[in-house]
$ cat model-v6.pdb   # PDB, C-alpha atoms, pLDDT in the B column
ATOM      1  CA  MET U   1      -8.386  14.958 -16.014  1.00 59.00           C
ATOM      2  CA  LEU U   2     -11.725  14.592 -17.783  1.00 59.00           C
ATOM      3  CA  LEU U   3     -11.554  10.831 -17.284  1.00 60.00           C
ATOM      4  CA  SER U   4     -10.977  11.260 -13.557  1.00 59.00           C
ATOM      5  CA  VAL U   5     -14.007  13.589 -13.316  1.00 59.00           C
ATOM      6  CA  ASN U   6     -16.088  11.071 -15.279  1.00 62.00           C
ATOM      7  CA  GLU U   7     -14.902   8.348 -12.896  1.00 57.00           C
ATOM      8  CA  LEU U   8     -16.379  10.300  -9.988  1.00 55.00           C
ATOM      9  CA  LYS U   9     -19.645  10.835 -11.848  1.00 59.00           C
ATOM     10  CA  LYS U  10     -19.859   7.159 -12.821  1.00 60.00           C
ATOM     11  CA  LYS U  11     -19.296   6.005  -9.248  1.00 58.00           C
ATOM     12  CA  TYR U  12     -22.331   7.918  -7.989  1.00 53.00           C
ATOM     13  CA  LYS U  13     -24.467   7.666 -11.110  1.00 58.00           C
ATOM     14  CA  GLY U  14     -28.185   7.401 -10.411  1.00 52.00           C
ATOM     15  CA  SER U  15     -28.193   9.432  -7.209  1.00 51.00           C
ATOM     16  CA  ALA U  16     -29.798  12.856  -7.076  1.00 52.00           C
ATOM     17  CA  LEU U  17     -26.713  14.544  -5.622  1.00 56.00           C
ATOM     18  CA  GLY U  18     -24.310  12.700  -7.906  1.00 55.00           C
ATOM     19  CA  SER U  19     -20.605  12.985  -7.152  1.00 59.00           C
ATOM     20  CA  ALA U  20     -21.331  15.311  -4.219  1.00 63.00           C
ATOM     21  CA  TRP U  21     -21.755  12.094  -2.227  1.00 58.00           C
ATOM     22  CA  ALA U  22     -17.986  11.641  -2.461  1.00 64.00           C
ATOM     23  CA  VAL U  23     -17.632  14.524   0.004  1.00 69.00           C
ATOM     24  CA  ILE U  24     -20.935  14.164   1.886  1.00 67.00           C
ATOM     25  CA  LYS U  25     -20.225  10.591   3.016  1.00 66.00           C
ATOM     26  CA  PRO U  26     -16.875  11.200   4.779  1.00 72.00           C
ATOM     27  CA  THR U  27     -18.040  14.600   6.047  1.00 74.00           C
ATOM     28  CA  PHE U  28     -21.021  12.919   7.693  1.00 70.00           C
ATOM     29  CA  THR U  29     -18.648  10.432   9.321  1.00 68.00           C
ATOM     30  CA  LEU U  30     -16.561  13.333  10.630  1.00 68.00           C
ATOM     31  CA  PHE U  31     -19.719  14.874  12.090  1.00 70.00           C
ATOM     32  CA  ILE U  32     -20.545  11.590  13.839  1.00 68.00           C
ATOM     33  CA  LEU U  33     -17.026  11.490  15.312  1.00 64.00           C
ATOM     34  CA  TRP U  34     -17.389  15.065  16.535  1.00 63.00           C
ATOM     35  CA  PHE U  35     -20.805  14.406  18.042  1.00 63.00           C
ATOM     36  CA  ALA U  36     -19.670  11.180  19.716  1.00 59.00           C
ATOM     37  CA  PHE U  37     -16.590  12.658  21.370  1.00 59.00           C
ATOM     38  CA  GLU U  38     -17.769  16.207  22.043  1.00 58.00           C
ATOM     39  CA  ILE U  39     -21.405  15.619  22.981  1.00 53.00           C
ATOM     40  CA  GLY U  40     -21.832  11.933  23.723  1.00 50.00           C
ATOM     41  CA  ILE U  41     -18.572  10.809  25.360  1.00 52.00           C
ATOM     42  CA  ARG U  42     -17.607  14.049  27.037  1.00 54.00           C
ATOM     43  CA  GLY U  43     -14.270  14.145  28.776  1.00 52.00           C
ATOM     44  CA  SER U  44     -12.976  11.159  26.773  1.00 57.00           C
ATOM     45  CA  GLY U  45      -9.459  12.391  27.430  1.00 70.00           C
ATOM     46  CA  ASN U  46      -6.530  13.378  25.297  1.00 79.00           C
ATOM     47  CA  VAL U  47      -4.120  11.375  23.199  1.00 80.00           C
ATOM     48  CA  GLU U  48      -0.397  11.767  23.735  1.00 83.00           C
ATOM     49  CA  PHE U  49       1.424  12.414  20.474  1.00 87.00           C
ATOM     50  CA  LEU U  50       5.086  13.481  20.419  1.00 84.00           C
ATOM     51  CA  LYS U  51       4.867  14.639  24.051  1.00 81.00           C
ATOM     52  CA  MET U  52       1.746  16.697  23.317  1.00 84.00           C
ATOM     53  CA  LYS U  53      -1.707  16.159  24.795  1.00 88.00           C
ATOM     54  CA  ILE U  54      -4.101  16.382  21.864  1.00 88.00           C
ATOM     55  CA  PRO U  55      -7.924  16.347  22.226  1.00 85.00           C
ATOM     56  CA  ARG U  56      -9.200  13.034  20.937  1.00 83.00           C
ATOM     57  CA  PHE U  57     -11.467  14.510  18.278  1.00 83.00           C
ATOM     58  CA  GLU U  58      -8.683  16.569  16.681  1.00 88.00           C
ATOM     59  CA  TYR U  59      -6.400  13.559  16.854  1.00 89.00           C
ATOM     60  CA  MET U  60      -8.934  11.301  15.147  1.00 87.00           C
ATOM     61  CA  LEU U  61      -9.853  13.960  12.586  1.00 89.00           C
ATOM     62  CA  SER U  62      -6.242  14.373  11.428  1.00 91.00           C
ATOM     63  CA  GLY U  63      -5.926  10.592  11.132  1.00 91.00           C
ATOM     64  CA  TYR U  64      -9.258   9.820   9.516  1.00 90.00           C
ATOM     65  CA  VAL U  65      -8.878  12.236   6.585  1.00 93.00           C
ATOM     66  CA  PRO U  66      -5.674  10.640   5.196  1.00 95.00           C
ATOM     67  CA  TRP U  67      -7.017   7.174   6.054  1.00 94.00           C
ATOM     68  CA  PHE U  68     -10.148   7.709   3.975  1.00 91.00           C
ATOM     69  CA  PHE U  69      -7.957   8.634   0.999  1.00 94.00           C
ATOM     70  CA  ILE U  70      -5.658   5.648   1.559  1.00 95.00           C
ATOM     71  CA  SER U  71      -8.541   3.174   1.790  1.00 92.00           C
ATOM     72  CA  GLU U  72     -10.143   4.646  -1.342  1.00 91.00           C
ATOM     73  CA  MET U  73      -6.821   4.389  -3.185  1.00 92.00           C
ATOM     74  CA  ILE U  74      -6.251   0.778  -2.124  1.00 93.00           C
ATOM     75  CA  VAL U  75      -9.758  -0.503  -2.837  1.00 90.00           C
ATOM     76  CA  GLY U  76     -10.458   1.724  -5.859  1.00 89.00           C
ATOM     77  CA  GLY U  77      -7.018   1.063  -7.312  1.00 87.00           C
ATOM     78  CA  SER U  78      -7.452  -2.698  -7.091  1.00 88.00           C
ATOM     79  CA  ARG U  79     -10.835  -2.476  -8.833  1.00 86.00           C
ATOM     80  CA  SER U  80      -9.815   0.099 -11.433  1.00 84.00           C
ATOM     81  CA  ILE U  81      -9.101  -2.227 -14.383  1.00 82.00           C
ATOM     82  CA  ARG U  82     -12.074  -4.491 -13.765  1.00 82.00           C
ATOM     83  CA  ASN U  83     -14.427  -1.499 -13.398  1.00 80.00           C
ATOM     84  CA  ASN U  84     -13.108   0.086 -16.600  1.00 79.00           C
ATOM     85  CA  LYS U  85     -12.560  -3.004 -18.679  1.00 77.00           C
ATOM     86  CA  GLN U  86     -14.159  -1.361 -21.705  1.00 76.00           C
ATOM     87  CA  PHE U  87     -10.962   0.674 -22.123  1.00 74.00           C
ATOM     88  CA  VAL U  88      -8.963  -2.552 -22.253  1.00 72.00           C
ATOM     89  CA  THR U  89     -11.206  -4.762 -24.364  1.00 71.00           C
ATOM     90  CA  LYS U  90     -12.725  -2.292 -26.820  1.00 68.00           C
ATOM     91  CA  LEU U  91     -10.187   0.508 -27.144  1.00 63.00           C
ATOM     92  CA  SER U  92      -6.482   0.873 -27.675  1.00 66.00           C
ATOM     93  CA  PHE U  93      -5.949   2.581 -24.354  1.00 66.00           C
ATOM     94  CA  PRO U  94      -2.845   2.605 -22.108  1.00 72.00           C
ATOM     95  CA  VAL U  95      -3.749   0.425 -19.142  1.00 74.00           C
ATOM     96  CA  SER U  96      -1.617   2.497 -16.766  1.00 74.00           C
ATOM     97  CA  ASN U  97      -3.840   5.510 -17.455  1.00 82.00           C
ATOM     98  CA  ILE U  98      -6.785   3.664 -15.926  1.00 82.00           C
ATOM     99  CA  MET U  99      -5.086   3.496 -12.536  1.00 85.00           C
ATOM    100  CA  THR U 100      -4.014   7.127 -12.902  1.00 86.00           C
ATOM    101  CA  PHE U 101      -7.412   8.700 -13.555  1.00 84.00           C
ATOM    102  CA  THR U 102      -9.043   6.471 -10.916  1.00 86.00           C
ATOM    103  CA  SER U 103      -6.500   7.684  -8.362  1.00 88.00           C
ATOM    104  CA  LEU U 104      -6.976  11.309  -9.424  1.00 89.00           C
ATOM    105  CA  ALA U 105     -10.701  11.010  -8.766  1.00 86.00           C
ATOM    106  CA  SER U 106      -9.907   9.997  -5.165  1.00 88.00           C
ATOM    107  CA  LEU U 107      -7.372  12.821  -4.875  1.00 91.00           C
ATOM    108  CA  TYR U 108      -9.979  15.472  -5.743  1.00 89.00           C
ATOM    109  CA  VAL U 109     -12.195  14.284  -2.905  1.00 87.00           C
ATOM    110  CA  HIS U 110      -9.240  14.146  -0.530  1.00 93.00           C
ATOM    111  CA  LEU U 111      -8.260  17.741  -1.224  1.00 93.00           C
ATOM    112  CA  MET U 112     -11.778  18.935  -0.473  1.00 90.00           C
ATOM    113  CA  LEU U 113     -11.783  16.995   2.809  1.00 91.00           C
ATOM    114  CA  CYS U 114      -8.405  18.484   3.698  1.00 93.00           C
ATOM    115  CA  VAL U 115      -9.847  21.971   3.317  1.00 93.00           C
ATOM    116  CA  ILE U 116     -12.661  21.039   5.713  1.00 90.00           C
ATOM    117  CA  MET U 117     -10.170  19.482   8.149  1.00 92.00           C
ATOM    118  CA  TYR U 118      -7.915  22.543   8.049  1.00 94.00           C
ATOM    119  CA  ILE U 119     -10.793  24.907   8.769  1.00 91.00           C
ATOM    120  CA  VAL U 120     -11.964  22.777  11.703  1.00 90.00           C
ATOM    121  CA  LEU U 121      -8.460  22.513  13.186  1.00 92.00           C
ATOM    122  CA  TRP U 122      -7.932  26.244  12.733  1.00 91.00           C
ATOM    123  CA  CYS U 123     -11.180  27.040  14.526  1.00 89.00           C
ATOM    124  CA  ARG U 124     -10.176  24.738  17.382  1.00 86.00           C
ATOM    125  CA  GLY U 125      -6.862  26.407  18.042  1.00 87.00           C
ATOM    126  CA  PHE U 126      -4.432  24.689  15.692  1.00 88.00           C
ATOM    127  CA  GLY U 127      -3.689  27.791  13.672  1.00 78.00           C
ATOM    128  CA  PRO U 128      -1.675  28.346  10.507  1.00 86.00           C
ATOM    129  CA  SER U 129       2.014  27.503  10.581  1.00 89.00           C
ATOM    130  CA  ILE U 130       4.894  27.182   8.143  1.00 93.00           C
ATOM    131  CA  TYR U 131       4.791  23.456   8.927  1.00 92.00           C
ATOM    132  CA  ASN U 132       1.404  23.257   7.200  1.00 94.00           C
ATOM    133  CA  LEU U 133       3.261  23.467   3.871  1.00 94.00           C
ATOM    134  CA  GLN U 134       4.615  19.980   4.519  1.00 95.00           C
ATOM    135  CA  PHE U 135       1.127  18.799   3.603  1.00 95.00           C
ATOM    136  CA  PHE U 136       2.064  19.016  -0.086  1.00 96.00           C
ATOM    137  CA  TYR U 137       4.937  16.606   0.492  1.00 96.00           C
ATOM    138  CA  TYR U 138       2.890  14.041   2.413  1.00 96.00           C
ATOM    139  CA  CYS U 139      -0.114  14.310   0.109  1.00 96.00           C
ATOM    140  CA  GLY U 140       2.030  13.981  -3.002  1.00 95.00           C
ATOM    141  CA  MET U 141       3.990  11.015  -1.663  1.00 96.00           C
ATOM    142  CA  MET U 142       0.807   9.342  -0.472  1.00 96.00           C
ATOM    143  CA  TYR U 143      -0.734   9.679  -3.929  1.00 95.00           C
ATOM    144  CA  LEU U 144       2.370   8.299  -5.648  1.00 95.00           C
ATOM    145  CA  PHE U 145       2.831   5.410  -3.225  1.00 96.00           C
ATOM    146  CA  TYR U 146      -0.704   4.069  -3.584  1.00 94.00           C
ATOM    147  CA  LEU U 147      -0.764   4.744  -7.311  1.00 93.00           C
ATOM    148  CA  VAL U 148       2.318   2.543  -7.654  1.00 93.00           C
ATOM    149  CA  LEU U 149       0.642  -0.042  -5.419  1.00 93.00           C
ATOM    150  CA  SER U 150      -2.311  -0.146  -7.839  1.00 91.00           C
ATOM    151  CA  TRP U 151       0.077  -1.117 -10.656  1.00 90.00           C
ATOM    152  CA  ALA U 152       0.315  -4.483  -8.916  1.00 89.00           C
ATOM    153  CA  THR U 153      -3.124  -4.869  -7.316  1.00 90.00           C
ATOM    154  CA  ALA U 154      -5.231  -3.809 -10.326  1.00 87.00           C
ATOM    155  CA  PRO U 155      -3.861  -6.461 -12.763  1.00 86.00           C
ATOM    156  CA  LEU U 156      -3.983  -9.144 -10.048  1.00 87.00           C
ATOM    157  CA  SER U 157      -7.602  -8.259  -9.209  1.00 86.00           C
ATOM    158  CA  ALA U 158      -8.476  -8.348 -12.923  1.00 82.00           C
ATOM    159  CA  PHE U 159      -7.135 -11.880 -13.077  1.00 82.00           C
ATOM    160  CA  SER U 160      -8.652 -13.082  -9.819  1.00 80.00           C
ATOM    161  CA  LYS U 161     -11.815 -11.945  -8.078  1.00 79.00           C
ATOM    162  CA  ASP U 162     -10.475 -13.686  -4.985  1.00 83.00           C
ATOM    163  CA  PHE U 163      -7.553 -11.281  -4.843  1.00 84.00           C
ATOM    164  CA  GLU U 164      -9.944  -8.323  -4.983  1.00 82.00           C
ATOM    165  CA  ASN U 165     -11.946  -9.851  -2.136  1.00 82.00           C
ATOM    166  CA  LEU U 166      -8.708 -10.309  -0.187  1.00 85.00           C
ATOM    167  CA  VAL U 167      -7.903  -6.616  -0.575  1.00 87.00           C
ATOM    168  CA  ASN U 168     -11.379  -5.672   0.642  1.00 82.00           C
ATOM    169  CA  SER U 169     -11.007  -8.001   3.622  1.00 82.00           C
ATOM    170  CA  ILE U 170      -7.714  -6.602   4.894  1.00 86.00           C
ATOM    171  CA  ILE U 171      -8.890  -2.973   4.896  1.00 87.00           C
ATOM    172  CA  THR U 172     -10.707  -3.229   8.237  1.00 81.00           C
ATOM    173  CA  GLY U 173      -7.761  -4.970   9.866  1.00 83.00           C
ATOM    174  CA  LEU U 174      -5.351  -2.441   8.398  1.00 88.00           C
ATOM    175  CA  PHE U 175      -7.437   0.363   9.886  1.00 85.00           C
ATOM    176  CA  TRP U 176      -7.161  -0.948  13.441  1.00 84.00           C
ATOM    177  CA  LEU U 177      -3.498  -1.933  13.063  1.00 85.00           C
ATOM    178  CA  SER U 178      -2.628   1.609  11.957  1.00 88.00           C
ATOM    179  CA  GLY U 179      -2.390   4.724  14.093  1.00 87.00           C
ATOM    180  CA  VAL U 180      -5.617   6.334  12.931  1.00 88.00           C
ATOM    181  CA  PHE U 181      -7.222   6.338  16.390  1.00 83.00           C
ATOM    182  CA  TRP U 182      -4.152   5.642  18.528  1.00 85.00           C
ATOM    183  CA  SER U 183      -0.500   6.707  18.545  1.00 88.00           C
ATOM    184  CA  THR U 184       2.035   4.242  17.171  1.00 89.00           C
ATOM    185  CA  TYR U 185       4.791   6.274  18.800  1.00 89.00           C
ATOM    186  CA  ASN U 186       3.487   5.253  22.247  1.00 87.00           C
ATOM    187  CA  VAL U 187       4.091   1.527  21.714  1.00 85.00           C
ATOM    188  CA  GLU U 188       6.436   0.415  24.495  1.00 85.00           C
ATOM    189  CA  ASN U 189       7.631  -2.899  23.045  1.00 86.00           C
ATOM    190  CA  PRO U 190      10.679  -1.957  20.898  1.00 86.00           C
ATOM    191  CA  THR U 191      10.201  -4.877  18.495  1.00 89.00           C
ATOM    192  CA  ILE U 192       6.555  -4.076  17.799  1.00 86.00           C
ATOM    193  CA  LYS U 193       7.385  -0.385  17.562  1.00 86.00           C
ATOM    194  CA  THR U 194       9.963  -1.168  14.851  1.00 87.00           C
ATOM    195  CA  VAL U 195       7.500  -3.390  12.998  1.00 88.00           C
ATOM    196  CA  MET U 196       5.018  -0.513  12.947  1.00 90.00           C
ATOM    197  CA  TYR U 197       7.474   1.451  10.801  1.00 91.00           C
ATOM    198  CA  PHE U 198       6.789  -1.002   7.967  1.00 93.00           C
ATOM    199  CA  ASN U 199       3.142   0.046   7.783  1.00 93.00           C
ATOM    200  CA  PRO U 200       3.106   2.971   5.308  1.00 94.00           C
ATOM    201  CA  VAL U 201      -0.309   4.065   6.584  1.00 95.00           C
ATOM    202  CA  ASN U 202       1.386   5.138   9.826  1.00 94.00           C
ATOM    203  CA  TYR U 203       3.922   7.223   7.926  1.00 95.00           C
ATOM    204  CA  PHE U 204       1.216   9.314   6.292  1.00 96.00           C
ATOM    205  CA  VAL U 205      -1.231   9.495   9.203  1.00 95.00           C
ATOM    206  CA  ASN U 206       1.531  10.597  11.576  1.00 94.00           C
ATOM    207  CA  GLY U 207       2.823  12.918   8.864  1.00 94.00           C
ATOM    208  CA  TYR U 208      -0.469  14.774   8.646  1.00 95.00           C
ATOM    209  CA  ARG U 209      -0.419  15.237  12.408  1.00 94.00           C
ATOM    210  CA  LYS U 210       3.115  16.593  12.212  1.00 93.00           C
ATOM    211  CA  CYS U 211       1.903  19.100   9.601  1.00 93.00           C
ATOM    212  CA  PHE U 212      -1.198  20.386  11.336  1.00 93.00           C
ATOM    213  CA  ILE U 213      -0.924  19.577  15.044  1.00 92.00           C
ATOM    214  CA  SER U 214       2.569  18.943  16.421  1.00 90.00           C
ATOM    215  CA  HIS U 215       4.429  21.134  13.869  1.00 88.00           C
ATOM    216  CA  THR U 216       7.312  18.712  13.409  1.00 89.00           C
ATOM    217  CA  PHE U 217       9.778  18.840  10.523  1.00 90.00           C
ATOM    218  CA  ILE U 218       9.531  16.062   7.919  1.00 88.00           C
ATOM    219  CA  PHE U 219      13.132  14.974   8.223  1.00 85.00           C
ATOM    220  CA  ASP U 220      13.511  15.404  11.970  1.00 85.00           C
ATOM    221  CA  HIS U 221      16.435  13.235  13.108  1.00 81.00           C
ATOM    222  CA  ASN U 222      14.182  11.492  15.650  1.00 82.00           C
ATOM    223  CA  PHE U 223      12.291   9.849  12.785  1.00 86.00           C
ATOM    224  CA  THR U 224      15.189   8.822  10.536  1.00 89.00           C
ATOM    225  CA  THR U 225      14.395   5.104  10.808  1.00 90.00           C
ATOM    226  CA  GLU U 226      10.761   5.696   9.887  1.00 91.00           C
ATOM    227  CA  THR U 227      11.748   7.773   6.853  1.00 93.00           C
ATOM    228  CA  VAL U 228      14.393   5.309   5.612  1.00 94.00           C
ATOM    229  CA  VAL U 229      11.985   2.372   5.919  1.00 94.00           C
ATOM    230  CA  PHE U 230       9.294   4.241   4.000  1.00 95.00           C
ATOM    231  CA  TYR U 231      11.574   5.163   1.102  1.00 96.00           C
ATOM    232  CA  ALA U 232      12.919   1.608   0.938  1.00 96.00           C
ATOM    233  CA  GLU U 233       9.326   0.349   0.686  1.00 95.00           C
ATOM    234  CA  PHE U 234       8.468   2.968  -1.911  1.00 96.00           C
ATOM    235  CA  ILE U 235      11.414   2.052  -4.150  1.00 96.00           C
ATOM    236  CA  GLY U 236      10.650  -1.646  -3.715  1.00 95.00           C
ATOM    237  CA  MET U 237       6.992  -1.030  -4.573  1.00 93.00           C
ATOM    238  CA  ILE U 238       7.991   0.697  -7.813  1.00 93.00           C
ATOM    239  CA  PHE U 239       9.860  -2.405  -8.966  1.00 93.00           C
ATOM    240  CA  VAL U 240       7.097  -4.787  -7.836  1.00 91.00           C
ATOM    241  CA  GLY U 241       4.342  -2.696  -9.428  1.00 88.00           C
ATOM    242  CA  ALA U 242       6.265  -2.295 -12.687  1.00 88.00           C
ATOM    243  CA  HIS U 243       6.910  -6.045 -12.775  1.00 86.00           C
ATOM    244  CA  PHE U 244       3.249  -7.030 -12.458  1.00 82.00           C
ATOM    245  CA  TYR U 245       2.112  -4.321 -14.852  1.00 81.00           C
ATOM    246  CA  LYS U 246       4.550  -5.353 -17.597  1.00 82.00           C
ATOM    247  CA  LYS U 247       3.820  -9.038 -17.014  1.00 80.00           C
ATOM    248  CA  PHE U 248       0.043  -8.842 -17.374  1.00 75.00           C
ATOM    249  CA  ARG U 249      -0.824  -5.795 -19.484  1.00 72.00           C
ATOM    250  CA  LYS U 250      -0.644  -7.597 -22.867  1.00 73.00           C
ATOM    251  CA  ILE U 251      -2.928 -10.458 -21.861  1.00 70.00           C
ATOM    252  CA  LEU U 252      -5.464  -8.420 -19.920  1.00 71.00           C
ATOM    253  CA  PRO U 253      -7.858  -8.044 -22.899  1.00 66.00           C
ATOM    254  CA  ASP U 254      -8.117 -11.827 -23.193  1.00 64.00           C
ATOM    255  CA  VAL U 255      -8.709 -12.278 -19.469  1.00 63.00           C
ATOM    256  CA  LEU U 256     -11.386  -9.595 -19.264  1.00 59.00           C
TER     257      LEU U 256
END
$ encode --input "model-v6.pdb" --output "structure tokens"
Amino acid sequence: MLLSVNELKKKYKGSALGSAWAVIKPTFTLFILWFAFEIGIRGSGNVEFLKMKIPRFEYMLSGYVPWFFISEMIVGGSRSIRNNKQFVTKLSFPVSNIMTFTSLASLYVHLMLCVIMYIVLWCRGFGPSIYNLQFFYYCGMMYLFYLVLSWATAPLSAFSKDFENLVNSIITGLFWLSGVFWSTYNVENPTIKTVMYFNPVNYFVNGYRKCFISHTFIFDHNFTTETVVFYAEFIGMIFVGAHFYKKFRKILPDVL
């Protein structure tokens, strides 16, 4: 836990506000979204989600908060070994712990943003519900999924700067291909709609909306395919991540 706190401090070292920037930056973005859609683009319409008409700001807010965590986990996880190479080259330190404390640092920020999101949604009419407790499931699974992903991306990025650049490049595309600002459930083409199930970002973004906005049960029978696909990907990712981690961990000190 101390290492994860130090990771936050190191990331914002040299700034007057220090690690507070980890919350200030996304909060400022949320303010810009609010201002744009409530003040600037008034009457921008609602978004249909599970037969509900949701104001666009609330819809975007509930998608942006998990997306910010996901993007931080993907990019930060891939850079984790390279950014903390002193633990690999100078100390006898379990490499897997590097990905863990880096991910925990992102989780702390995410939890603070979730508190802000919950307060905003509550004030705007999306009050407390028993379905809100499903947040702990989605948040926990999201953390585990992208932690396991970092088992593969961190060693590969340590070996190749090009791979790290590739990860950074796909983030923007992944954002627009995911249902952060639009609803993947409204895709009419059945083939494309099925393909969207294979994007784990959609599983978590839609999951947060089910928790706080639509009040839909996690294992609702209408989303069985989505759930099965996600768990198949998660199990597959465990094997892939473990493979790359075991393959490269012993030679990482020489590479770095």
$ atom_distance --input "model-v6.pdb" --atom1 "CA of Arg82 (chain U)" --atom2 "CA of Trp176 (chain U)"
27.9 Å
$ closest_atom_pairs --input "model-v6.pdb" --of "region 98-160 of chain U" --to "region 165-171 of chain U" --cutoff "12 Å" --atoms "all atoms listed in the file" --output "tab-separated table"
residue	atom	partner	partner_atom	distance
U:Leu149	CA	U:Val167	CA	11.8
U:Ser150	CA	U:Val167	CA	11.2
U:Ala152	CA	U:Val167	CA	11.9
U:Thr153	CA	U:Val167	CA	8.4
U:Ala154	CA	U:Val167	CA	10.5
U:Leu156	CA	U:Val167	CA	10.6
U:Ser157	CA	U:Asn165	CA	8.5
U:Ala158	CA	U:Asn165	CA	11.4
U:Ser160	CA	U:Asn165	CA	9.0
$ closest_atom_pairs --input "model-v6.pdb" --of "region 40-127 of chain U" --to "region 202-205 of chain U" --cutoff "10 Å" --atoms "only C-alpha atoms" --output "CSV"
residue,atom,partner,partner_atom,distance
U:Met60,CA,U:Val205,CA,9.9
U:Ser62,CA,U:Val205,CA,7.3
U:Gly63,CA,U:Val205,CA,5.2
U:Tyr64,CA,U:Val205,CA,8.0
U:Val65,CA,U:Val205,CA,8.5
U:Pro66,CA,U:Val205,CA,6.1
U:Trp67,CA,U:Val205,CA,7.0
U:Ile70,CA,U:Phe204,CA,9.1
$ closest_residue --input "model-v6.pdb" --among "U:Ser71, U:Ser103, U:Ser129, U:Thr172" --to "Lys210 (chain U)" --atoms "only C-alpha atoms"
U:Ser129
$ atom_distance --input "model-v6.pdb" --atom1 "CA of Thr184 (chain U)" --atom2 "CA of Tyr59 (chain U)"
12.6 Å
$ closest_residue --input "model-v6.pdb" --among "U:Met99, U:Ala242, U:Leu144, U:Val115" --to "Phe87 (chain U)" --atoms "all atoms listed in the file"
U:Met99
$ atom_distance --input "model-v6.pdb" --atom1 "CA of Tyr185 (chain U)" --atom2 "CA of Tyr197 (chain U)"
9.7 Å
$ closest_residue --input "model-v6.pdb" --among "U:Met141, U:Leu147, U:Leu121, U:Val187" --to "Phe101 (chain U)" --atoms "only C-alpha atoms"
U:Leu147
$ resolve_selection --input "model-v6.pdb" --expression "the PyMOL selection byres ((chain U and resi 211) around 6)" --output "mmCIF file with C-alpha atoms, keeping the file's coordinate frame"
data_model
loop_
_atom_site.group_PDB
_atom_site.id
_atom_site.type_symbol
_atom_site.label_atom_id
_atom_site.label_comp_id
_atom_site.auth_asym_id
_atom_site.auth_seq_id
_atom_site.Cartn_x
_atom_site.Cartn_y
_atom_site.Cartn_z
ATOM 1 C CA TYR U 131 4.791 23.456 8.927
ATOM 2 C CA ASN U 132 1.404 23.257 7.200
ATOM 3 C CA GLN U 134 4.615 19.980 4.519
ATOM 4 C CA TYR U 208 -0.469 14.774 8.646
ATOM 5 C CA ARG U 209 -0.419 15.237 12.408
ATOM 6 C CA LYS U 210 3.115 16.593 12.212
ATOM 7 C CA PHE U 212 -1.198 20.386 11.336
ATOM 8 C CA HIS U 215 4.429 21.134 13.869
#
$ closest_residue --input "model-v6.pdb" --among "U:Phe159, U:Tyr138, U:Phe181, U:Phe234" --to "Asn46 (chain U)" --atoms "only C-alpha atoms"
U:Phe181
$ closest_residue --input "model-v6.pdb" --among "U:Ile81, U:Val47, U:Leu104, U:Leu252" --to "Tyr146 (chain U)" --atoms "only C-alpha atoms"
U:Leu104
$ closest_residue --input "model-v6.pdb" --among "U:Met73, U:Cys139, U:Cys123, U:Ile213" --to "Met52 (chain U)" --atoms "all atoms listed in the file"
U:Ile213
$ axis_aligned_box --input "model-v6.pdb" --around "region 159-167 of chain U" --padding-each-side "4 Å" --output "lines of an AutoDock Vina configuration file"
center_x = -9.5
center_y = -10.2
center_z = -6.6
size_x = 12.8
size_y = 15.1
size_z = 20.9
$ resolve_selection --input "model-v6.pdb" --expression "the PyMOL selection byres ((chain U and resi 222-229) around 10)" --output "JSON, numbers by chain"
{"U": [194, 196, 197, 198, 199, 200, 202, 203, 217, 218, 219, 220, 221, 230, 231, 232, 233, 234]}
$ resolve_selection --input "model-v6.pdb" --expression "the PyMOL selection byres ((chain U and resi 84) around 10)" --output "VMD selection string"
chain U and resid 7 79 to 83 85 to 89 95 98 to 99 102
$ build_atoms --input "model-v6.pdb" --residues "region 141-147 of chain U" --atoms "N, CA, C and O atoms" --output "JSON list (two decimals), keeping the file's coordinate frame"
[["chain", "number", "residue", "atom", "x", "y", "z"],
["U", 141, "MET", "N", 3.38, 12.33, -1.83],
["U", 141, "MET", "CA", 3.99, 11.02, -1.66],
["U", 141, "MET", "C", 2.94, 9.94, -1.43],
["U", 141, "MET", "O", 3.07, 8.80, -1.90],
["U", 142, "MET", "N", 1.89, 10.30, -0.72],
["U", 142, "MET", "CA", 0.81, 9.34, -0.47],
["U", 142, "MET", "C", 0.12, 8.96, -1.78],
["U", 142, "MET", "O", -0.16, 7.77, -2.03],
["U", 143, "TYR", "N", -0.12, 9.95, -2.62],
["U", 143, "TYR", "CA", -0.73, 9.68, -3.93],
["U", 143, "TYR", "C", 0.17, 8.77, -4.76],
["U", 143, "TYR", "O", -0.30, 7.76, -5.33],
["U", 144, "LEU", "N", 1.45, 9.08, -4.83],
["U", 144, "LEU", "CA", 2.37, 8.30, -5.65],
["U", 144, "LEU", "C", 2.52, 6.87, -5.12],
["U", 144, "LEU", "O", 2.55, 5.92, -5.90],
["U", 145, "PHE", "N", 2.62, 6.74, -3.80],
["U", 145, "PHE", "CA", 2.83, 5.41, -3.22],
["U", 145, "PHE", "C", 1.67, 4.48, -3.56],
["U", 145, "PHE", "O", 1.87, 3.34, -4.02],
["U", 146, "TYR", "N", 0.45, 4.95, -3.36],
["U", 146, "TYR", "CA", -0.70, 4.07, -3.58],
["U", 146, "TYR", "C", -1.07, 3.96, -5.06],
["U", 146, "TYR", "O", -1.74, 3.00, -5.46],
["U", 147, "LEU", "N", -0.63, 4.91, -5.86],
["U", 147, "LEU", "CA", -0.76, 4.74, -7.31],
["U", 147, "LEU", "C", 0.14, 3.62, -7.79],
["U", 147, "LEU", "O", -0.29, 2.74, -8.56]]
